[in-house]
file entry17.txt (compact mmCIF, C-alpha atoms)
# COMPACT_ATOMS: atom_id res chain seq x y z
CA MET W 12 0.00 0.00 0.00
CA SER W 13 1.10 3.57 -0.70
CA ASN W 14 1.12 5.12 2.75
CA VAL W 15 1.70 8.77 1.89
CA LYS W 16 3.79 9.32 5.04
CA ASN W 17 6.28 6.80 3.71
CA PHE W 18 6.78 9.16 0.76
CA GLY W 19 7.37 12.30 2.86
CA ALA W 20 3.88 13.65 3.60
CA THR W 21 3.58 15.14 7.09
CA GLY W 22 -0.18 15.44 7.66
CA ASP W 23 0.44 18.34 10.04
CA GLY W 24 -1.98 20.73 8.32
CA GLN W 25 0.72 23.34 7.70
CA THR W 26 3.25 21.77 5.34
CA ASP W 27 2.43 21.64 1.65
CA ASP W 28 2.27 17.88 1.09
CA THR W 29 1.54 18.08 -2.63
CA VAL W 30 4.90 16.86 -3.91
CA ALA W 31 5.10 14.03 -1.38
CA ILE W 32 1.64 12.73 -2.30
CA GLN W 33 2.43 13.04 -6.02
CA HIS W 34 5.51 10.92 -5.28
CA ALA W 35 3.25 8.31 -3.64
CA ILE W 36 0.96 8.33 -6.70
CA ALA W 37 3.87 7.96 -9.12
CA ASP W 38 5.92 5.37 -7.23
CA GLY W 39 3.46 3.58 -4.97
CA ASP W 40 1.28 0.57 -5.72
CA GLY W 41 -1.92 2.45 -6.65
CA LEU W 42 -3.74 2.21 -3.30
CA LEU W 43 -3.22 5.62 -1.73
CA ILE W 44 -3.45 5.45 2.09
CA PHE W 45 -3.74 8.58 4.24
CA PRO W 46 -3.15 7.94 7.95
CA LYS W 47 -4.88 10.17 10.48
CA GLY W 48 -3.92 13.80 9.94
CA THR W 49 -4.53 16.92 7.88
CA TYR W 50 -2.79 17.04 4.51
CA ARG W 51 -2.51 20.43 2.88
CA ILE W 52 -2.13 20.49 -0.91
CA SER W 53 -1.91 23.31 -3.45
CA GLN W 54 -2.29 21.42 -6.75
CA THR W 55 -4.62 18.77 -8.09
CA LEU W 56 -3.61 15.20 -7.31
CA GLU W 57 -4.23 13.48 -10.65
CA ILE W 58 -4.50 9.71 -10.63
CA THR W 59 -4.25 8.04 -14.04
CA LEU W 60 -6.04 4.75 -13.63
CA GLY W 61 -4.53 1.57 -15.01
CA LYS W 62 -0.87 2.25 -14.36
CA LYS W 63 -0.72 0.25 -11.13
CA GLY W 64 -3.74 -2.02 -11.46
CA PRO W 65 -6.96 -1.51 -9.47
CA GLY W 66 -6.57 1.11 -6.76
CA GLY W 67 -8.18 3.92 -4.86
CA VAL W 68 -7.95 6.41 -2.03
CA SER W 69 -8.51 5.62 1.66
CA GLY W 70 -8.64 8.07 4.54
CA SER W 71 -8.38 5.87 7.65
CA MET W 72 -12.05 5.72 8.65
CA GLY W 73 -12.50 9.44 7.95
CA ALA W 74 -9.69 10.53 10.25
CA ALA W 75 -7.67 11.96 7.33
CA THR W 76 -8.51 15.36 5.87
CA ILE W 77 -7.22 16.81 2.60
CA VAL W 78 -7.21 20.62 2.54
CA MET W 79 -7.19 21.92 -1.04
CA ALA W 80 -5.43 25.31 -0.94
CA GLY W 81 -5.28 25.79 -4.73
CA PRO W 82 -7.72 25.95 -7.65
CA GLY W 83 -9.17 22.84 -9.29
CA PRO W 84 -10.15 19.48 -7.85
CA ALA W 85 -8.27 18.00 -4.93
CA PHE W 86 -8.34 14.67 -6.80
CA ARG W 87 -8.81 14.01 -10.48
CA LEU W 88 -9.35 10.39 -11.52
CA VAL W 89 -8.78 9.73 -15.22
CA GLY W 90 -9.62 6.39 -16.81
CA ASN W 91 -9.74 4.97 -20.31
CA HIS W 92 -13.19 3.40 -20.46
CA GLY W 93 -14.85 4.42 -23.70
CA GLY W 94 -17.53 1.75 -23.78
CA THR W 95 -20.92 1.41 -22.12
CA GLY W 96 -22.10 -0.56 -19.12
CA ASP W 97 -22.42 -3.65 -21.33
CA PRO W 98 -19.77 -6.21 -20.27
CA GLY W 99 -18.88 -6.77 -23.91
CA SER W 100 -17.78 -3.16 -24.25
CA VAL W 101 -15.32 -3.25 -21.32
CA THR W 102 -11.80 -3.95 -22.56
CA PRO W 103 -9.52 -6.34 -20.64
CA ARG W 104 -7.26 -3.40 -19.80
CA VAL W 105 -10.08 -1.49 -18.13
CA TRP W 106 -11.44 -4.53 -16.31
CA ASN W 107 -8.10 -5.80 -15.07
CA SER W 108 -6.46 -2.49 -14.17
CA GLU W 109 -9.07 0.26 -13.81
CA ARG W 110 -12.34 -1.25 -12.59
CA MET W 111 -13.97 0.07 -9.41
CA PRO W 112 -11.61 2.79 -8.21
CA GLY W 113 -12.71 3.38 -4.62
CA ILE W 114 -12.69 6.63 -2.63
CA ARG W 115 -13.47 5.73 0.95
CA GLN W 116 -13.63 7.30 4.39
CA ILE W 117 -11.83 10.55 3.67
CA ALA W 118 -12.62 14.25 4.18
CA ILE W 119 -11.96 17.05 1.68
CA GLU W 120 -12.01 20.72 2.65
CA GLY W 121 -11.52 23.71 0.38
CA ALA W 122 -9.22 26.59 1.29
CA HIS W 123 -9.38 28.35 -2.10
CA PRO W 124 -12.37 29.89 -3.96
CA GLY W 125 -11.66 27.71 -7.00
CA ALA W 126 -11.12 24.46 -5.14
CA ASP W 127 -13.26 21.42 -6.01
CA GLY W 128 -13.50 18.04 -4.34
CA PHE W 129 -13.29 15.27 -6.95
CA GLU W 130 -13.35 15.29 -10.74
CA LEU W 131 -13.85 12.04 -12.66
CA LYS W 132 -13.65 11.24 -16.36
CA GLY W 133 -13.34 7.97 -18.21
CA THR W 134 -13.91 5.85 -15.11
CA MET W 135 -15.68 2.50 -14.77
CA GLN W 136 -17.49 1.59 -11.51
CA ALA W 137 -16.04 4.43 -9.42
CA THR W 138 -17.33 4.13 -5.86
CA PHE W 139 -17.57 6.85 -3.20
CA ASP W 140 -18.29 5.55 0.30
CA GLY W 141 -18.12 7.54 3.53
CA VAL W 142 -16.67 10.70 1.98
CA LEU W 143 -17.06 14.19 3.48
CA ILE W 144 -16.66 17.22 1.16
CA ARG W 145 -17.11 20.79 2.42
CA HIS W 146 -16.12 24.39 1.64
CA VAL W 147 -15.20 23.64 -1.97
CA ARG W 148 -16.91 24.74 -5.16
CA HIS W 149 -18.28 21.49 -6.67
CA GLY W 150 -18.16 18.44 -4.44
CA ILE W 151 -18.18 15.57 -6.97
CA HIS W 152 -17.81 16.80 -10.55
CA LEU W 153 -18.48 14.21 -13.28
CA VAL W 154 -17.38 15.23 -16.79
CA LYS W 155 -16.87 13.77 -20.27
CA ARG W 156 -17.76 10.07 -19.94
CA ASN W 157 -18.14 7.71 -16.99
CA ARG W 158 -20.01 4.49 -16.28
CA ASN W 159 -21.55 2.78 -13.24
CA ILE W 160 -20.97 5.36 -10.49
CA LEU W 161 -21.91 4.60 -6.86
CA ILE W 162 -22.14 7.41 -4.29
CA CYS W 163 -23.29 6.27 -0.84
CA ASN W 164 -22.99 7.17 2.84
CA CYS W 165 -21.44 10.55 2.01
CA HIS W 166 -21.72 14.05 3.45
CA ILE W 167 -21.52 16.73 0.75
CA TYR W 168 -22.03 19.81 2.78
CA HIS W 169 -21.81 23.62 2.54
CA ASN W 170 -20.10 24.11 -0.81
CA ARG W 171 -20.16 27.19 -3.06
CA GLY W 172 -21.19 25.31 -6.18
CA VAL W 173 -23.05 22.03 -6.73
CA GLY W 174 -22.89 19.04 -4.42
CA ILE W 175 -22.93 16.41 -7.18
CA PHE W 176 -22.57 17.96 -10.65
CA LEU W 177 -23.17 15.95 -13.83
CA ASP W 178 -21.70 18.46 -16.24
CA GLY W 179 -21.60 17.77 -19.98
CA ILE W 180 -21.28 14.06 -19.32
CA ASN W 181 -22.25 10.84 -21.03
CA LEU W 182 -23.12 8.61 -18.09
CA HIS W 183 -25.18 5.46 -17.73
CA GLN W 184 -25.86 3.85 -14.36
CA ILE W 185 -25.40 6.09 -11.33
CA ASN W 186 -26.77 5.43 -7.85
CA ILE W 187 -26.81 8.15 -5.18
CA SER W 188 -28.01 6.82 -1.83
CA SER W 189 -27.97 7.22 1.95
CA SER W 190 -26.17 10.56 1.82
CA HIS W 191 -26.55 14.07 3.19
CA ILE W 192 -26.33 16.60 0.35
CA SER W 193 -26.99 19.96 1.93
CA TYR W 194 -26.20 23.68 1.95
CA ASN W 195 -24.65 23.68 -1.50
CA ARG W 196 -25.22 27.09 -3.07
CA LEU W 197 -25.93 26.05 -6.68
CA GLY W 198 -27.83 22.86 -6.01
CA GLY W 199 -27.64 19.48 -4.38
CA ILE W 200 -27.66 17.28 -7.50
CA ARG W 201 -27.50 19.13 -10.81
CA ILE W 202 -27.48 17.77 -14.38
CA GLU W 203 -26.80 20.01 -17.37
CA ARG W 204 -25.68 19.46 -21.01
CA SER W 205 -25.56 15.72 -20.37
CA GLU W 206 -26.78 12.37 -21.63
CA VAL W 207 -27.73 10.30 -18.60
CA ARG W 208 -29.50 6.95 -18.24
CA ASN W 209 -30.36 4.91 -15.15
CA LEU W 210 -30.11 7.47 -12.35
CA GLN W 211 -31.34 6.39 -8.93
CA ILE W 212 -31.55 8.95 -6.10
CA THR W 213 -32.68 7.01 -3.03
CA GLY W 214 -32.84 7.48 0.73
CA ASN W 215 -30.97 10.78 0.95
CA ASP W 216 -31.42 13.95 2.96
CA ILE W 217 -31.13 16.74 0.36
CA GLU W 218 -31.83 20.16 1.81
CA TYR W 219 -31.12 23.91 1.90
CA ASN W 220 -29.21 23.96 -1.37
CA ASN W 221 -29.63 27.65 -2.19
CA THR W 222 -27.84 30.93 -1.59
CA PRO W 223 -29.98 32.44 1.20
CA ARG W 224 -29.43 29.46 3.47
CA SER W 225 -25.88 28.46 2.53
CA PHE W 226 -24.02 31.64 1.42
CA PRO W 227 -26.27 34.67 2.07
CA ASP W 228 -23.51 37.13 1.18
CA LEU W 229 -23.25 35.85 -2.41
CA PRO W 230 -25.62 36.66 -5.32
CA THR W 231 -28.71 34.47 -5.56
CA GLU W 232 -29.11 32.21 -8.60
CA PRO W 233 -32.06 29.92 -9.42
CA THR W 234 -31.33 26.49 -8.01
CA ALA W 235 -32.89 23.31 -6.68
CA GLU W 236 -32.14 20.36 -4.45
CA ILE W 237 -32.40 18.26 -7.63
CA TRP W 238 -32.03 20.09 -10.97
CA ILE W 239 -32.30 18.31 -14.33
CA ASP W 240 -31.94 20.42 -17.51
CA THR W 241 -31.92 18.73 -20.91
CA THR W 242 -32.46 21.77 -23.12
CA ALA W 243 -28.91 21.85 -24.52
CA PRO W 244 -28.28 20.20 -27.92
CA ASN W 245 -27.99 16.39 -27.69
CA ALA W 246 -28.80 16.41 -23.98
CA SER W 247 -31.24 13.88 -22.51
CA VAL W 248 -31.94 12.32 -19.14
CA ASN W 249 -33.92 9.10 -19.01
CA GLU W 250 -34.80 6.29 -16.60
CA VAL W 251 -34.69 8.27 -13.35
CA THR W 252 -36.09 7.36 -9.93
CA ILE W 253 -36.22 9.85 -7.06
CA VAL W 254 -37.45 7.72 -4.16
CA SER W 255 -37.73 7.93 -0.35
CA ASN W 256 -35.74 11.13 0.10
CA THR W 257 -36.26 14.11 2.38
CA ILE W 258 -36.02 17.09 0.01
CA GLN W 259 -36.57 20.45 1.66
CA ALA W 260 -35.21 23.98 1.69
CA THR W 261 -35.90 27.61 2.36
CA SER W 262 -37.63 29.69 -0.27
CA SER W 263 -35.28 31.35 -2.77
CA LYS W 264 -35.91 33.42 -5.88
CA ALA W 265 -36.99 31.08 -8.74
CA GLY W 266 -35.94 28.19 -6.53
CA CYS W 267 -37.38 24.66 -6.43
CA ASN W 268 -36.96 21.44 -4.52
CA ILE W 269 -37.08 19.48 -7.80
CA ARG W 270 -36.70 21.27 -11.15
CA ILE W 271 -36.91 19.33 -14.42
CA ILE W 272 -36.61 21.24 -17.70
CA GLU W 273 -36.87 19.11 -20.82
CA LYS W 274 -37.03 19.82 -24.53
CA SER W 275 -40.37 20.97 -25.91
CA ASN W 276 -39.45 21.31 -29.58
CA GLY W 277 -41.92 18.80 -31.00
CA SER W 278 -39.70 15.73 -30.71
CA ARG W 279 -40.34 13.26 -27.91
CA PRO W 280 -38.52 14.49 -24.81
CA PRO W 281 -36.80 11.97 -22.53
CA GLY W 282 -39.33 11.12 -19.80
CA LEU W 283 -39.36 7.85 -17.83
CA ILE W 284 -38.98 9.67 -14.52
CA SER W 285 -40.59 8.49 -11.26
CA ILE W 286 -40.78 10.71 -8.15
CA THR W 287 -42.13 8.50 -5.38
CA GLY W 288 -42.46 8.44 -1.61
CA ASN W 289 -40.55 11.64 -0.84
CA ILE W 290 -41.05 14.43 1.68
CA ILE W 291 -40.73 17.64 -0.38
CA GLY W 292 -41.20 21.15 0.95
CA SER W 293 -40.45 24.78 1.72
CA GLN W 294 -39.35 26.37 -1.54
CA GLU W 295 -40.79 28.96 -3.92
CA THR W 296 -42.04 26.04 -6.02
CA ASN W 297 -41.66 22.55 -4.63
CA VAL W 298 -41.74 20.59 -7.92
CA HIS W 299 -41.52 22.40 -11.28
CA LEU W 300 -41.78 20.48 -14.56
CA THR W 301 -41.35 22.17 -17.94
CA GLY W 302 -41.60 20.43 -21.31
CA CYS W 303 -41.77 17.02 -19.66
CA TYR W 304 -43.15 13.76 -21.01
CA GLY W 305 -43.96 10.64 -19.06
CA VAL W 306 -43.28 11.69 -15.45
CA THR W 307 -44.96 9.90 -12.52
CA LEU W 308 -45.38 11.49 -9.09
CA SER W 309 -46.85 9.16 -6.48
CA GLY W 310 -47.07 8.88 -2.73
CA ASN W 311 -45.26 12.15 -2.00
CA SER W 312 -45.99 14.57 0.82
CA ILE W 313 -45.46 18.00 -0.75
CA TYR W 314 -45.87 20.96 1.53
CA SER W 315 -45.37 24.70 2.03
CA CYS W 316 -44.58 26.81 -1.01
CA THR W 317 -44.53 30.52 -1.71
CA HIS W 318 -45.68 29.97 -5.31
CA ARG W 319 -46.90 26.41 -6.02
CA ASN W 320 -46.46 22.92 -4.58
CA LEU W 321 -46.45 21.59 -8.13
CA LEU W 322 -46.13 23.61 -11.33
CA ILE W 323 -46.41 21.80 -14.67
CA GLU W 324 -45.89 23.66 -17.95
CA ASP W 325 -45.98 22.52 -21.59
CA SER W 326 -45.99 18.87 -20.58
CA ARG W 327 -47.93 15.71 -21.31
CA LEU W 328 -48.45 12.21 -20.02
CA ILE W 329 -47.89 13.27 -16.40
CA THR W 330 -49.36 10.92 -13.78
CA ILE W 331 -50.00 12.30 -10.27
CA GLY W 332 -51.35 9.86 -7.70
CA SER W 333 -51.84 9.55 -3.94
CA CYS W 334 -49.91 12.74 -3.15
CA GLN W 335 -50.65 15.17 -0.35
CA PHE W 336 -50.45 18.90 -1.01
CA ARG W 337 -50.65 21.15 2.04
CA ARG W 338 -49.09 24.02 3.90
CA HIS W 339 -46.87 23.55 6.95
CA THR W 340 -47.07 27.10 8.33
CA GLU W 341 -49.52 29.98 8.07
CA LYS W 342 -47.07 31.98 5.97
CA ALA W 343 -46.78 29.33 3.26
CA GLY W 344 -49.07 28.47 0.37
CA THR W 345 -50.71 25.41 -1.15
CA GLY W 346 -51.61 24.68 -4.73
CA VAL W 347 -51.02 22.84 -8.00
CA ARG W 348 -51.01 24.54 -11.42
CA LEU W 349 -51.01 22.97 -14.91
CA ILE W 350 -50.43 25.21 -17.93
CA ASN W 351 -50.52 24.22 -21.63
CA SER W 352 -50.44 20.55 -20.69
CA SER W 353 -52.36 17.51 -21.89
CA ASP W 354 -53.04 13.81 -21.34
CA CYS W 355 -52.47 13.97 -17.58
CA THR W 356 -54.15 12.22 -14.66
CA ILE W 357 -54.56 13.33 -11.04
CA SER W 358 -56.01 10.67 -8.73
CA GLY W 359 -56.38 10.01 -5.02
CA CYS W 360 -54.69 13.23 -3.94
CA ASN W 361 -55.37 15.49 -0.96
CA PHE W 362 -55.28 19.27 -1.41
CA HIS W 363 -55.60 21.09 1.90
CA ASP W 364 -55.10 24.76 2.68
CA GLN W 365 -55.12 24.44 6.50
CA SER W 366 -55.04 28.21 6.94
CA SER W 367 -57.55 30.21 8.93
CA GLY W 368 -57.06 33.20 6.65
CA GLY W 369 -57.03 31.57 3.23
CA GLN W 370 -54.31 31.11 0.65
CA GLN W 371 -51.31 33.37 1.07
CA ASN W 372 -50.41 33.08 -2.62
CA GLY W 373 -53.94 33.86 -3.83
CA ALA W 374 -54.14 30.64 -5.86
CA SER W 375 -56.88 28.03 -6.04
CA LEU W 376 -55.92 24.58 -4.85
CA LEU W 377 -55.87 23.20 -8.41
CA GLU W 378 -55.50 25.55 -11.37
CA LEU W 379 -55.77 24.46 -14.99
CA LYS W 380 -54.90 26.86 -17.80
CA ASN W 381 -55.18 25.95 -21.49
CA CYS W 382 -55.09 22.21 -20.78
CA ALA W 383 -56.63 19.28 -22.63
CA ARG W 384 -57.56 15.68 -21.86
CA LEU W 385 -57.12 15.67 -18.11
CA ALA W 386 -58.72 13.16 -15.73
CA ILE W 387 -59.12 14.24 -12.09
CA THR W 388 -60.46 11.37 -10.00
CA GLY W 389 -61.08 10.63 -6.34
CA CYS W 390 -59.37 13.73 -4.93
CA THR W 391 -60.24 15.82 -1.87
CA PHE W 392 -59.99 19.62 -1.93
CA THR W 393 -60.42 21.43 1.38
CA ASP W 394 -60.65 25.17 2.06
CA GLY W 395 -59.41 26.55 -1.22
CA VAL W 396 -59.33 30.28 -2.01
CA PRO W 397 -60.67 31.51 -4.34
CA CYS W 398 -61.72 28.01 -5.53
CA GLY W 399 -61.04 24.36 -5.03
CA ILE W 400 -60.62 23.76 -8.77
CA ASP W 401 -60.19 26.61 -11.24
CA ALA W 402 -60.10 25.85 -14.99
CA ILE W 403 -59.58 28.40 -17.76
CA ASP W 404 -59.55 27.73 -21.53
CA CYS W 405 -59.61 23.95 -21.08
CA GLN W 406 -61.07 21.08 -23.06
CA ASN W 407 -61.87 17.45 -22.35
CA VAL W 408 -61.35 17.80 -18.61
CA LEU W 409 -63.12 15.09 -16.63
CA ILE W 410 -63.64 15.59 -12.87
CA THR W 411 -65.20 12.59 -11.19
CA GLY W 412 -65.67 11.29 -7.66
CA CYS W 413 -64.04 14.32 -6.00
CA SER W 414 -64.92 16.13 -2.79
CA VAL W 415 -64.56 19.91 -2.66
CA ALA W 416 -65.20 21.11 0.90
CA GLU W 417 -65.33 24.39 2.82
CA THR W 418 -64.80 23.79 6.55
CA ARG W 419 -64.00 27.28 7.85
CA PRO W 420 -66.58 28.91 10.15
CA THR W 421 -66.73 31.84 7.75
CA PRO W 422 -66.58 30.54 4.16
CA LYS W 423 -63.88 32.18 2.05
CA ALA W 424 -64.13 30.32 -1.25
CA SER W 425 -65.98 32.10 -4.06
CA ALA W 426 -66.75 28.74 -5.71
CA ALA W 427 -66.03 25.06 -5.23
CA ILE W 428 -65.28 24.59 -8.95
CA ARG W 429 -65.07 27.27 -11.62
CA PHE W 430 -64.76 26.89 -15.40
CA ASP W 431 -64.03 30.05 -17.35
CA GLY W 432 -62.70 31.20 -20.71
CA LYS W 433 -63.22 29.23 -23.92
CA GLY W 434 -63.39 25.46 -23.68
CA SER W 435 -65.18 22.33 -24.85
CA SER W 436 -66.32 18.91 -23.66
CA ASN W 437 -65.56 19.43 -19.98
CA GLN W 438 -67.46 17.21 -17.53
CA ILE W 439 -68.13 16.87 -13.80
CA SER W 440 -69.76 13.75 -12.35
CA ASN W 441 -70.39 12.17 -8.94
CA CYS W 442 -68.69 14.95 -6.99
CA SER W 443 -69.53 16.33 -3.55
CA LEU W 444 -69.38 20.14 -3.54
CA SER W 445 -69.85 22.40 -0.52
CA GLY W 446 -69.98 25.57 -2.56
CA GLU W 447 -71.02 26.87 -5.94
CA LEU W 448 -70.22 25.44 -9.33
CA LYS W 449 -69.55 28.38 -11.62
CA SER W 450 -69.06 28.30 -15.37
CA SER W 451 -69.09 30.84 -18.18
CA SER W 452 -71.20 30.21 -21.23
CA ALA W 453 -68.16 29.55 -23.43
CA SER W 454 -66.30 27.28 -21.01
CA GLY W 455 -67.68 24.10 -22.57
CA LEU W 456 -68.83 22.59 -19.26
CA LEU W 457 -71.46 19.94 -19.93
CA LYS W 458 -74.35 19.55 -17.55
CA PRO W 459 -73.04 17.87 -14.38
CA LYS W 460 -74.19 14.31 -13.70

call {"tool": "encode", "arguments": {"input": "entry17.txt", "output": "structure tokens"}}
result
Amino acid sequence: MSNVKNFGATGDGQTDDTVAIQHAIADGDGLLIFPKGTYRISQTLEITLGKKGPGGVSGSMGAATIVMAGPGPAFRLVGNHGGTGDPGSVTPRVWNSERMPGIRQIAIEGAHPGADGFELKGTMQATFDGVLIRHVRHGIHLVKRNRNILICNCHIYHNRGVGIFLDGINLHQINISSSHISYNRLGGIRIERSEVRNLQITGNDIEYNNTPRSFPDLPTEPTAEIWIDTTAPNASVNEVTIVSNTIQATSSKAGCNIRIIEKSNGSRPPGLISITGNIIGSQETNVHLTGCYGVTLSGNSIYSCTHRNLLIEDSRLITIGSCQFRRHTEKAGTGVRLINSSDCTISGCNFHDQSSGGQQNGASLLELKNCARLAITGCTFTDGVPCGIDAIDCQNVLITGCSVAETRPTPKASAAIRFDGKGSSNQISNCSLSGELKSSSASGLLKPK
């Protein structure tokens, strides 16, 4: 093993140990061992995989800290895998000498504005386990091409950029689990300009990833706990599960807990995204989908927004089921809004204002604007203001088996359900309404059954 102290590193936190650790990388056996201590470096430690056979970096059960006092990543891992995740595409060289580089039980701290944690390109089966990264720019920065990444049991905390940044990358198979990804100014997990398949985000605590909470002295930029943007040329993100996470924040300008922006140029956008069983709350908009196709949201508790719990724009084939939408404090809002969207279903959901004074954001519990072919079934709407359901310029909207209730001692809703604007073939059947049903003559609402 390449114990860096055997190559001259001191680990005293004061000496620049860069050259000594580079010596260990060049002349050791490929398994870089950091005994307990603080190792100050001023240049990137680049590890070219394959030279010494399978290897990695170990920090002695987390007792070793690397302080990056220069610009760039503390560690850069560079491999030669140009294939896919298919075993037939992995060359003997990659499998025998580069597979599964492990980064385990080590802490990285930034001491320079341009410092990053880790940068990876060309790797196969890279595994992060028990890693702490703080006070850098980007925590884990994935670029170019990688395959089969595992990130688990990590703390990626209080960084100036993105916690886990998939940046212009071609990447299939990445699992992010059982980690704390918090207080990162430009987002917890962010994907831009990338082609990604098979992304699982499971069992994490992802919170407060915005400027006001993490770096209030810096300029605010729109961000999210999870941000997926596929609008760049050749970008696409497919086969994504976001499951059993706690995803919460403080409200920030144009901020979201989950933000997905897909192409809406007439071609089929990526889709195949499932958001299931999460606790999501306390942002300007909790979940914001734009140009999306084939997204499922089920079994989530989505609470407390300053704009909307769920905002869907220019999307189709969105399935929303068994979710709860409510406020958590009197100052927050509740509500779901669909704009220019079609072929969507909303079933078995609870929409509850919970406020004695009515909606703080002035929005009905469910708003539909210029939508077509929507089915709203078996939902409960309680104490909406101005309405429980508000539809404008919609067609082929079917509302069936829903309850729209007003429980406040002094009613505040102007209508239980309202259809307005120009529409056609809208229907309401078998609903329980404690309030008026209002519709304009051109709204296309058929006689309720």

call {"tool": "closest_residue", "arguments": {"input": "entry17.txt", "among": "W:Thr421, W:Asn381, W:Thr222, W:Thr76", "to": "Gly24 of chain W", "atoms": "all atoms listed in the file"}}
result
W:Thr76

call {"tool": "residues_around", "arguments": {"input": "entry17.txt", "residues": "segment 37-54 of chain W", "least_positions_apart": "2", "cutoff": "9 Å", "atoms": "only C-alpha atoms", "output": "mmCIF file with C-alpha atoms, in the frame of the given file"}}
result
data_model
loop_
_atom_site.group_PDB
_atom_site.id
_atom_site.type_symbol
_atom_site.label_atom_id
_atom_site.label_comp_id
_atom_site.auth_asym_id
_atom_site.auth_seq_id
_atom_site.Cartn_x
_atom_site.Cartn_y
_atom_site.Cartn_z
ATOM 1 C CA MET W 12 0.000 0.000 0.000
ATOM 2 C CA SER W 13 1.100 3.570 -0.700
ATOM 3 C CA ASN W 14 1.120 5.120 2.750
ATOM 4 C CA VAL W 15 1.700 8.770 1.890
ATOM 5 C CA LYS W 16 3.790 9.320 5.040
ATOM 6 C CA PHE W 18 6.780 9.160 0.760
ATOM 7 C CA ALA W 20 3.880 13.650 3.600
ATOM 8 C CA THR W 21 3.580 15.140 7.090
ATOM 9 C CA GLY W 22 -0.180 15.440 7.660
ATOM 10 C CA ASP W 23 0.440 18.340 10.040
ATOM 11 C CA GLY W 24 -1.980 20.730 8.320
ATOM 12 C CA GLN W 25 0.720 23.340 7.700
ATOM 13 C CA THR W 26 3.250 21.770 5.340
ATOM 14 C CA ASP W 27 2.430 21.640 1.650
ATOM 15 C CA ASP W 28 2.270 17.880 1.090
ATOM 16 C CA THR W 29 1.540 18.080 -2.630
ATOM 17 C CA VAL W 30 4.900 16.860 -3.910
ATOM 18 C CA ILE W 32 1.640 12.730 -2.300
ATOM 19 C CA GLN W 33 2.430 13.040 -6.020
ATOM 20 C CA HIS W 34 5.510 10.920 -5.280
ATOM 21 C CA ALA W 35 3.250 8.310 -3.640
ATOM 22 C CA LEU W 56 -3.610 15.200 -7.310
ATOM 23 C CA ILE W 58 -4.500 9.710 -10.630
ATOM 24 C CA LEU W 60 -6.040 4.750 -13.630
ATOM 25 C CA GLY W 61 -4.530 1.570 -15.010
ATOM 26 C CA LYS W 62 -0.870 2.250 -14.360
ATOM 27 C CA LYS W 63 -0.720 0.250 -11.130
ATOM 28 C CA GLY W 64 -3.740 -2.020 -11.460
ATOM 29 C CA PRO W 65 -6.960 -1.510 -9.470
ATOM 30 C CA GLY W 66 -6.570 1.110 -6.760
ATOM 31 C CA GLY W 67 -8.180 3.920 -4.860
ATOM 32 C CA VAL W 68 -7.950 6.410 -2.030
ATOM 33 C CA SER W 69 -8.510 5.620 1.660
ATOM 34 C CA GLY W 70 -8.640 8.070 4.540
ATOM 35 C CA SER W 71 -8.380 5.870 7.650
ATOM 36 C CA MET W 72 -12.050 5.720 8.650
ATOM 37 C CA GLY W 73 -12.500 9.440 7.950
ATOM 38 C CA ALA W 74 -9.690 10.530 10.250
ATOM 39 C CA ALA W 75 -7.670 11.960 7.330
ATOM 40 C CA THR W 76 -8.510 15.360 5.870
ATOM 41 C CA ILE W 77 -7.220 16.810 2.600
ATOM 42 C CA VAL W 78 -7.210 20.620 2.540
ATOM 43 C CA MET W 79 -7.190 21.920 -1.040
ATOM 44 C CA ALA W 80 -5.430 25.310 -0.940
ATOM 45 C CA GLY W 81 -5.280 25.790 -4.730
ATOM 46 C CA PRO W 82 -7.720 25.950 -7.650
ATOM 47 C CA GLY W 83 -9.170 22.840 -9.290
ATOM 48 C CA PRO W 84 -10.150 19.480 -7.850
ATOM 49 C CA ALA W 85 -8.270 18.000 -4.930
ATOM 50 C CA ILE W 117 -11.830 10.550 3.670
#

call {"tool": "residues_around", "arguments": {"input": "entry17.txt", "residues": "segment 145-154 of chain W", "least_positions_apart": "3", "cutoff": "6 Å", "atoms": "all atoms listed in the file", "output": "PDB file with C-alpha atoms, in the frame of the given file"}}
result
ATOM      1  CA  GLU W 120     -12.010  20.720   2.650  1.00  0.00           C
ATOM      2  CA  GLY W 121     -11.520  23.710   0.380  1.00  0.00           C
ATOM      3  CA  ALA W 126     -11.120  24.460  -5.140  1.00  0.00           C
ATOM      4  CA  ASP W 127     -13.260  21.420  -6.010  1.00  0.00           C
ATOM      5  CA  GLY W 128     -13.500  18.040  -4.340  1.00  0.00           C
ATOM      6  CA  PHE W 129     -13.290  15.270  -6.950  1.00  0.00           C
ATOM      7  CA  GLU W 130     -13.350  15.290 -10.740  1.00  0.00           C
ATOM      8  CA  LEU W 131     -13.850  12.040 -12.660  1.00  0.00           C
ATOM      9  CA  LYS W 132     -13.650  11.240 -16.360  1.00  0.00           C
ATOM     10  CA  TYR W 168     -22.030  19.810   2.780  1.00  0.00           C
ATOM     11  CA  HIS W 169     -21.810  23.620   2.540  1.00  0.00           C
ATOM     12  CA  ASN W 170     -20.100  24.110  -0.810  1.00  0.00           C
ATOM     13  CA  ARG W 171     -20.160  27.190  -3.060  1.00  0.00           C
ATOM     14  CA  GLY W 172     -21.190  25.310  -6.180  1.00  0.00           C
ATOM     15  CA  VAL W 173     -23.050  22.030  -6.730  1.00  0.00           C
ATOM     16  CA  GLY W 174     -22.890  19.040  -4.420  1.00  0.00           C
ATOM     17  CA  ILE W 175     -22.930  16.410  -7.180  1.00  0.00           C
ATOM     18  CA  PHE W 176     -22.570  17.960 -10.650  1.00  0.00           C
ATOM     19  CA  LEU W 177     -23.170  15.950 -13.830  1.00  0.00           C
ATOM     20  CA  ASP W 178     -21.700  18.460 -16.240  1.00  0.00           C
ATOM     21  CA  GLY W 179     -21.600  17.770 -19.980  1.00  0.00           C
ATOM     22  CA  ILE W 180     -21.280  14.060 -19.320  1.00  0.00           C
TER      23      ILE W 180
END
